Amino acid sequence: MRWLFLIPGLLWAQSELSFPSYSAASIAHAAANISGFYAANTLVSIYGTNLALSTVALSAADVSGGNLPSVLGGVRVLVDNRFADVIFVSPRQVNFLIPTSLGVSGTTIVLLNNGRGGAVIPVDLSESAPGLFEIDGFAIATHGNGPLVTAAAPAARGEVLVLYATGLGPTAPLTPAHRIATTAAPLVRFAEFEVRLNGVAVPANHIEYVGVTPGFGGLYQINLRIPANAPADPEIRVGPPERLSPAGVRLRLR
């Protein structure tokens, strides 16, 4: 079927849009890449078909006055019937940010592609859903002076690294919904936050900061001094003791 649209002075035909298709299993925490692991201020990915008409990534022009867009490429995402911030869209993947204003609750996610809605997916939000961003199984981190930690430039014992995550939980102050963080804001539960290397918690005084990363939406950072006795390439997990980030991520350390 084809639909005809009339704009003053212009008549054209456009193919009928297909409805977005996705499921609970195809929605995932953007860093941990697992389903059902969500909290406020968590970056989330939806995978499926007919999610968008084209590929559009967030650009500086889309961020007006420090506000993240609730529509990108004609795509919107509703969480708890509230517009979420949309970061990236393509026909098969959409990335969005769960609003910071939501608390621990049961809620729903639904995607709309140019007005056409997909399935309403029930989800549960927890206080935190910590997940480290990683590449090929290794945490994304930077040395204290900025360069990336890589196989050629691994972390060293005694240095301060910055690790990047999403879903770490509420901060003080809380970044308002739809706003990019403009200043550092530590976790409310900073004193309870743990970093475990091969299952062993690092000393609390080695965790120098855990909170939002200024200039971004939904991105957290962990400023960590590596213990002198840390093992090589350890598994790293972070979060409050009752809800650590998923296992299997390692830190490049020599």
# chains A, B, ... in the order shown; residues from 1 in each chain; ligands from 1
>>> select_by_dssp(residues="segment 76-172 of chain A", states="strand (DSSP E)", output="ChimeraX atom specification")
/A:76-79,82-83,85-89,93-97,105-113,116-117,121-126,131-132,134-135,138-139,141-143,160-166
>>> residues_around(residues="Val238 of chain A", least_positions_apart="4", cutoff="9 Å", atoms="only C-alpha atoms", output="VMD selection string")
chain A and resid 130 to 132 168 193 to 196 243 to 246
>>> closest_residue(among="A:Leu163, A:Gly144, A:Ala129, A:His178", to="Pro241 of chain A", atoms="only C-alpha atoms")
A:Ala129
>>> atom_distance(atom1="atom CA of Val212 of chain A", atom2="atom CA of Thr100 of chain A")
11.8 Å
>>> closest_residue(among="A:Val89, A:Ala30, A:Ala40, A:Ala232", to="Ala57 of chain A", atoms="only C-alpha atoms")
A:Val89
>>> residues_around(residues="Thr183 of chain A", least_positions_apart="2", cutoff="10 Å", atoms="only C-alpha atoms", output="list in words")
Pro173, Thr175, Ile180, Ala181, Ala185, Pro186, Gly211, Val212, Thr213, Pro214 and Gly215 of chain A
>>> atom_distance(atom1="atom CA of Asp124 of chain A", atom2="atom CA of Leu97 of chain A")
14.9 Å
>>> atom_distance(atom1="atom CA of Asp233 of chain A", atom2="atom CA of Arg254 of chain A")
6.9 Å
>>> residues_around(residues="Asp80 of chain A", least_positions_apart="2", cutoff="8 Å", atoms="only C-alpha atoms", output="PyMOL selection string")
chain A and resi 78+82+107-109
>>> residues_around(residues="Leu112 of chain A", least_positions_apart="4", cutoff="6 Å", atoms="only C-alpha atoms", output="list in words")
Val75, Arg76, Arg116 and Gly117 of chain A
>>> write_last_selection(atoms="C-alpha atoms", output="PDB file, in the first residue's frame")
ATOM      1  CA  VAL A  75      12.226   7.911  16.665  1.00  0.00           C
ATOM      2  CA  ARG A  76      10.959   8.275  20.227  1.00  0.00           C
ATOM      3  CA  ARG A 116       4.202   3.878  14.623  1.00  0.00           C
ATOM      4  CA  GLY A 117       4.496   2.077  17.941  1.00  0.00           C
TER       5      GLY A 117
END
>>> closest_residue(among="A:Val77, A:Ala172, A:Leu102, A:Ala165", to="Ile46 of chain A", atoms="only C-alpha atoms")
A:Val77
>>> residues_around(residues="segment 199-206 of chain A", least_positions_apart="6", cutoff="10 Å", atoms="only C-alpha atoms", output="JSON, numbers by chain")
{"A": [158, 160, 190, 191, 192, 193, 223, 224, 225, 226, 227, 229, 230, 234, 235, 236, 237, 238, 241, 247]}
>>> closest_residue(among="A:Leu251, A:Ile222, A:Val110, A:Ala32", to="Ala151 of chain A", atoms="only C-alpha atoms")
A:Leu251
>>> residues_around(residues="His29 of chain A", least_positions_apart="6", cutoff="10 Å", atoms="only C-alpha atoms", output="PDB file with C-alpha atoms, in the first residue's frame")
ATOM      1  CA  SER A  35      18.397  -8.000  29.225  1.00  0.00           C
ATOM      2  CA  GLY A  36      16.420  -7.192  32.352  1.00  0.00           C
ATOM      3  CA  PHE A  37      19.237  -5.220  34.007  1.00  0.00           C
ATOM      4  CA  TYR A  38      18.098  -1.601  34.210  1.00  0.00           C
ATOM      5  CA  ALA A  39      18.006   1.462  36.460  1.00  0.00           C
ATOM      6  CA  THR A  42      21.153   3.770  32.342  1.00  0.00           C
ATOM      7  CA  LEU A  43      22.011   3.661  28.656  1.00  0.00           C
ATOM      8  CA  VAL A  44      19.964   0.941  26.954  1.00  0.00           C
ATOM      9  CA  SER A  45      19.913  -0.568  23.456  1.00  0.00           C
ATOM     10  CA  ILE A  46      16.899  -1.903  21.569  1.00  0.00           C
ATOM     11  CA  ASN A  95      20.157   3.571  21.963  1.00  0.00           C
ATOM     12  CA  ALA A 129      22.412  -1.637  37.252  1.00  0.00           C
ATOM     13  CA  PRO A 130      26.194  -1.256  37.059  1.00  0.00           C
ATOM     14  CA  GLY A 131      27.858  -2.152  33.794  1.00  0.00           C
ATOM     15  CA  THR A 166      26.487   3.297  33.060  1.00  0.00           C
ATOM     16  CA  GLY A 167      23.696   2.478  35.494  1.00  0.00           C
TER      17      GLY A 167
END
